[in-house]
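Structure below is final.cif: mmCIF, C-alpha atoms and all ligand atoms.
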data_data
#
loop_
_atom_site.label_atom_id
_atom_site.label_comp_id
_atom_site.auth_asym_id
_atom_site.auth_seq_id
_atom_site.Cartn_x
_atom_site.Cartn_y
_atom_site.Cartn_z
CA MET W 1 9.97 16.89 28.32
CA PRO W 2 8.03 17.50 25.09
CA HIS W 3 10.00 17.83 21.90
CA ASP W 4 10.17 20.97 19.76
CA CYS W 5 7.77 20.23 16.93
CA GLY W 6 9.02 23.15 14.86
CA ASN W 7 12.62 21.99 14.95
CA LEU W 8 13.83 21.02 11.48
CA SER W 9 17.44 20.59 12.54
CA LYS W 10 19.29 17.31 12.09
CA LYS W 11 19.33 16.78 15.85
CA PRO W 12 17.32 13.79 17.04
CA VAL W 13 13.91 14.64 18.46
CA ILE W 14 13.74 14.45 22.26
CA MET W 15 10.87 12.15 23.18
CA THR W 16 9.17 11.46 26.46
CA ASP W 17 10.09 7.79 26.06
CA LYS W 18 13.56 7.71 24.53
CA ARG W 19 13.49 3.91 24.28
CA LYS W 20 10.99 4.17 21.43
CA ASN W 21 12.94 6.79 19.48
CA THR W 22 15.78 4.60 18.28
CA PHE W 23 16.93 3.29 14.93
CA SER W 24 16.06 -0.26 15.97
CA ALA W 25 12.52 0.92 16.85
CA LYS W 26 12.25 2.40 13.36
CA VAL W 27 13.40 -0.89 11.80
CA ARG W 28 10.76 -2.68 13.88
CA ARG W 29 8.05 -0.23 12.75
CA THR W 30 9.14 -0.75 9.14
CA LEU W 31 8.86 -4.54 9.44
CA THR W 32 5.47 -4.41 11.19
CA SER W 33 4.06 -1.83 8.77
CA VAL W 34 2.69 -4.71 6.67
CA LEU W 35 0.30 -5.43 9.56
CA PRO W 36 -3.07 -3.65 9.92
CA VAL W 37 -3.54 -0.40 11.83
CA SER W 38 -5.03 -0.89 15.29
CA LYS W 39 -8.81 -0.45 15.41
CA ARG W 40 -8.26 1.43 18.68
CA ARG W 41 -6.58 4.30 16.82
CA LYS W 42 -8.71 7.46 16.67
CA GLY W 43 -8.14 11.00 15.41
CA GLN W 44 -6.23 12.24 12.42
CA CYS W 45 -2.86 13.57 11.33
CA ILE W 46 -2.45 17.26 12.09
CA ASN W 47 0.85 17.57 10.21
CA CYS W 48 2.96 18.22 13.28
CA GLY W 49 5.87 16.45 11.54
CA ALA W 50 7.06 14.70 14.68
CA CYS W 51 6.91 11.19 13.22
CA CYS W 52 9.06 12.38 10.30
CA LYS W 53 11.93 12.96 12.72
CA LEU W 54 12.20 9.44 14.11
CA PRO W 55 14.97 9.03 14.95
CA ASN W 56 16.36 11.73 12.64
CA VAL W 57 14.80 14.40 10.44
CA CYS W 58 13.65 12.93 7.11
CA PRO W 59 15.26 14.63 4.08
CA PHE W 60 11.82 14.87 2.43
CA LEU W 61 10.26 16.83 5.31
CA ARG W 62 9.45 20.49 4.68
CA GLN W 63 7.75 23.14 6.80
CA LYS W 64 5.11 25.52 5.45
CA PRO W 65 4.86 29.18 6.47
CA ASP W 66 1.89 28.29 8.69
CA GLY W 67 4.19 26.04 10.73
CA LYS W 68 2.69 22.76 9.54
CA PHE W 69 4.86 20.11 7.94
CA HIS W 70 4.49 18.31 4.63
CA CYS W 71 6.21 15.47 2.80
CA LEU W 72 7.89 16.02 -0.58
CA ILE W 73 7.16 12.40 -1.58
CA TYR W 74 3.73 12.09 0.05
CA ALA W 75 2.17 10.12 -2.84
CA ILE W 76 4.89 7.47 -2.72
CA ARG W 77 5.82 7.58 0.97
CA PRO W 78 6.75 4.27 2.60
CA LEU W 79 4.22 2.06 4.33
CA ASN W 80 5.52 2.81 7.81
CA CYS W 81 4.93 6.53 7.17
CA ARG W 82 1.44 5.85 5.79
CA LYS W 83 0.40 3.80 8.81
CA TYR W 84 2.09 5.68 11.66
CA PRO W 85 1.05 5.36 14.46
CA ARG W 86 0.02 1.79 13.59
CA SER W 87 -0.24 0.56 17.19
CA GLU W 88 -0.08 1.95 20.69
CA ALA W 89 3.10 -0.03 21.37
CA GLU W 90 4.81 1.76 18.48
CA PHE W 91 3.40 5.20 19.30
CA VAL W 92 6.26 7.61 20.01
CA THR W 93 4.80 11.07 19.42
CA GLU W 94 1.96 11.27 21.95
CA ASP W 95 2.97 14.82 22.89
CA THR W 96 1.95 16.40 19.58
CA CYS W 97 0.24 13.80 17.38
CA GLY W 98 -3.41 14.16 16.34
CA TYR W 99 -3.95 10.42 16.79
CA ARG W 100 -4.64 8.63 20.05
CA PHE W 101 -5.51 5.10 21.11
CA GLU W 102 -8.75 4.42 23.01
S1 LIG W 201 3.13 12.58 14.61
FE1 LIG W 201 0.96 12.24 14.17
S2 LIG W 201 0.08 14.27 13.69
FE2 LIG W 201 2.33 14.43 13.60
S3 LIG W 201 2.81 14.13 11.41
FE3 LIG W 201 2.99 12.14 12.42
S4 LIG W 201 0.95 11.17 12.20
FE4 LIG W 201 0.72 13.36 11.74
#

Write the structure described by the file as structure tokens, please.
Ligand code: SF4
Amino acid sequence: MPHDCGNLSKKPVIMTDKRKNTFSAKVRRTLTSVLPVSKRRKGQCINCGACCKLPNVCPFLRQKPDGKFHCLIYAIRPLNCRKYPRSEAEFVTEDTCGYRFE
């Protein structure tokens, strides 16, 4: 079941693969964010905001009137935010993300 991309509530986002949307998965993504982004990654961020809700809604996430999301600390956002989705194995938001792996 796809998650509600427009949901800014504090409820966890419902993902197709719930095993990847856990706090431990986030810790793992944080640790591996020092590694390079996969060359197989294509596409671009379309500001759906889904990765900013893993596993809970980030306090710096805001929604614009046009429905797109933006980050209040974009210029200084953490490495794991900058590189998401870094690899296919860590990709959680296939349902709405503008990136894909080929
Ligand atoms: S899930 Fe993908 S498209 Fe959505 S905000 Fe994150 S990187 Fe951008």

Exercise for review: List all protein, DNA and RNA residues that have any atom at most 8 Å from ligand LIG 201 (chain W), counting only C-alpha atoms and all ligand atoms, and write the list as JSON, numbers by chain.
Suggested key: {"W": [44, 45, 46, 47, 48, 49, 50, 51, 52, 69, 81, 84, 85, 92, 93, 94, 96, 97, 98, 99]}

Practice item. For Lys20 of chain W, list every protein, DNA or RNA residue within 8 Å, evaluated using only C-alpha atoms, and leave out those in the same chain fewer than 5 positions away; present the list as a list in words. Key: Ala25, Glu90, Phe91 and Val92 of chain W

Practice item. Calculate how many Å separate atom CA of Lys39 of chain W from atom CA of Arg82 of chain W, rounding to one decimal. Key: 15.4 Å

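Proximity to Thr30 of chain W was assessed for W:Leu54, W:Glu88, W:Leu72, W:Leu61 counting all atoms listed in the file; the smallest distance is recorded for W:Leu54.
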
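Nearest to Ala75 of chain W of all the residues W:Phe60, W:Pro55, W:Val34, W:Phe23 is W:Phe60, counting all atoms listed in the file.
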
Exercise for review: May I ask for the distance between atom CA of Asn80 of chain W and atom CA of Lys26 of chain W, given in Å to one decimal place?
Suggested key: 8.7 Å

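Take atom CA of Phe101 of chain W and atom CA of Cys58 of chain W: the distance between them is 25.0 Å.
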
Write out N, CA and C atoms for segment 62-90 of chain W, as an mmCIF file, in the frame of the given file.
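The resulting file, part03.cif, is shown below:
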data_model
loop_
_atom_site.group_PDB
_atom_site.id
_atom_site.type_symbol
_atom_site.label_atom_id
_atom_site.label_comp_id
_atom_site.auth_asym_id
_atom_site.auth_seq_id
_atom_site.Cartn_x
_atom_site.Cartn_y
_atom_site.Cartn_z
ATOM 1 N N ARG W 62 9.394 19.035 4.867
ATOM 2 C CA ARG W 62 9.450 20.490 4.680
ATOM 3 C C ARG W 62 8.407 21.154 5.572
ATOM 4 N N GLN W 63 8.695 22.403 5.957
ATOM 5 C CA GLN W 63 7.750 23.140 6.800
ATOM 6 C C GLN W 63 7.146 24.284 6.016
ATOM 7 N N LYS W 64 5.824 24.436 6.134
ATOM 8 C CA LYS W 64 5.110 25.520 5.450
ATOM 9 C C LYS W 64 5.163 26.779 6.306
ATOM 10 N N PRO W 65 4.860 27.927 5.702
ATOM 11 C CA PRO W 65 4.860 29.180 6.470
ATOM 12 C C PRO W 65 3.905 29.159 7.673
ATOM 13 N N ASP W 66 2.836 28.351 7.572
ATOM 14 C CA ASP W 66 1.890 28.290 8.690
ATOM 15 C C ASP W 66 2.395 27.403 9.834
ATOM 16 N N GLY W 67 3.598 26.846 9.670
ATOM 17 C CA GLY W 67 4.190 26.040 10.730
ATOM 18 C C GLY W 67 3.943 24.557 10.584
ATOM 19 N N LYS W 68 2.969 24.180 9.734
ATOM 20 C CA LYS W 68 2.690 22.760 9.540
ATOM 21 C C LYS W 68 3.741 22.136 8.621
ATOM 22 N N PHE W 69 3.857 20.817 8.731
ATOM 23 C CA PHE W 69 4.860 20.110 7.940
ATOM 24 C C PHE W 69 4.212 19.353 6.787
ATOM 25 N N HIS W 70 4.980 19.137 5.723
ATOM 26 C CA HIS W 70 4.490 18.310 4.630
ATOM 27 C C HIS W 70 5.635 17.477 4.071
ATOM 28 N N CYS W 71 5.247 16.437 3.337
ATOM 29 C CA CYS W 71 6.210 15.470 2.800
ATOM 30 C C CYS W 71 6.377 15.695 1.297
ATOM 31 N N LEU W 72 7.625 15.792 0.851
ATOM 32 C CA LEU W 72 7.890 16.020 -0.580
ATOM 33 C C LEU W 72 7.532 14.802 -1.432
ATOM 34 N N ILE W 73 7.471 13.629 -0.831
ATOM 35 C CA ILE W 73 7.160 12.400 -1.580
ATOM 36 C C ILE W 73 5.885 11.755 -1.035
ATOM 37 N N TYR W 74 4.939 12.584 -0.625
ATOM 38 C CA TYR W 74 3.730 12.090 0.050
ATOM 39 C C TYR W 74 3.035 10.966 -0.718
ATOM 40 N N ALA W 75 2.909 11.112 -2.043
ATOM 41 C CA ALA W 75 2.170 10.120 -2.840
ATOM 42 C C ALA W 75 2.855 8.758 -2.863
ATOM 43 N N ILE W 76 4.155 8.752 -2.660
ATOM 44 C CA ILE W 76 4.890 7.470 -2.720
ATOM 45 C C ILE W 76 5.623 7.181 -1.418
ATOM 46 N N ARG W 77 5.161 7.780 -0.326
ATOM 47 C CA ARG W 77 5.820 7.580 0.970
ATOM 48 C C ARG W 77 5.734 6.115 1.390
ATOM 49 N N PRO W 78 6.717 5.665 2.167
ATOM 50 C CA PRO W 78 6.750 4.270 2.600
ATOM 51 C C PRO W 78 5.567 3.884 3.482
ATOM 52 N N LEU W 79 5.342 2.595 3.563
ATOM 53 C CA LEU W 79 4.220 2.060 4.330
ATOM 54 C C LEU W 79 4.270 2.449 5.804
ATOM 55 N N ASN W 80 5.460 2.469 6.382
ATOM 56 C CA ASN W 80 5.520 2.810 7.810
ATOM 57 C C ASN W 80 5.148 4.266 8.048
ATOM 58 N N CYS W 81 5.369 5.132 7.053
ATOM 59 C CA CYS W 81 4.930 6.530 7.170
ATOM 60 C C CYS W 81 3.413 6.603 6.991
ATOM 61 N N ARG W 82 2.880 5.836 6.048
ATOM 62 C CA ARG W 82 1.440 5.850 5.790
ATOM 63 C C ARG W 82 0.637 5.384 6.997
ATOM 64 N N LYS W 83 1.168 4.422 7.730
ATOM 65 C CA LYS W 83 0.400 3.800 8.810
ATOM 66 C C LYS W 83 0.715 4.344 10.199
ATOM 67 N N TYR W 84 1.731 5.185 10.333
ATOM 68 C CA TYR W 84 2.090 5.680 11.660
ATOM 69 C C TYR W 84 0.980 6.540 12.250
ATOM 70 N N PRO W 85 0.644 6.405 13.525
ATOM 71 C CA PRO W 85 1.050 5.360 14.460
ATOM 72 C C PRO W 85 0.173 4.118 14.267
ATOM 73 N N ARG W 86 0.770 3.007 13.901
ATOM 74 C CA ARG W 86 0.020 1.790 13.590
ATOM 75 C C ARG W 86 -0.540 1.131 14.849
ATOM 76 N N SER W 87 0.221 1.183 15.941
ATOM 77 C CA SER W 87 -0.240 0.560 17.190
ATOM 78 C C SER W 87 0.218 1.395 18.375
ATOM 79 N N GLU W 88 -0.432 1.195 19.493
ATOM 80 C CA GLU W 88 -0.080 1.950 20.690
ATOM 81 C C GLU W 88 1.350 1.619 21.131
ATOM 82 N N ALA W 89 1.758 0.376 20.958
ATOM 83 C CA ALA W 89 3.100 -0.030 21.370
ATOM 84 C C ALA W 89 4.180 0.690 20.568
ATOM 85 N N GLU W 90 3.829 1.095 19.348
ATOM 86 C CA GLU W 90 4.810 1.760 18.480
ATOM 87 C C GLU W 90 4.626 3.280 18.472
#
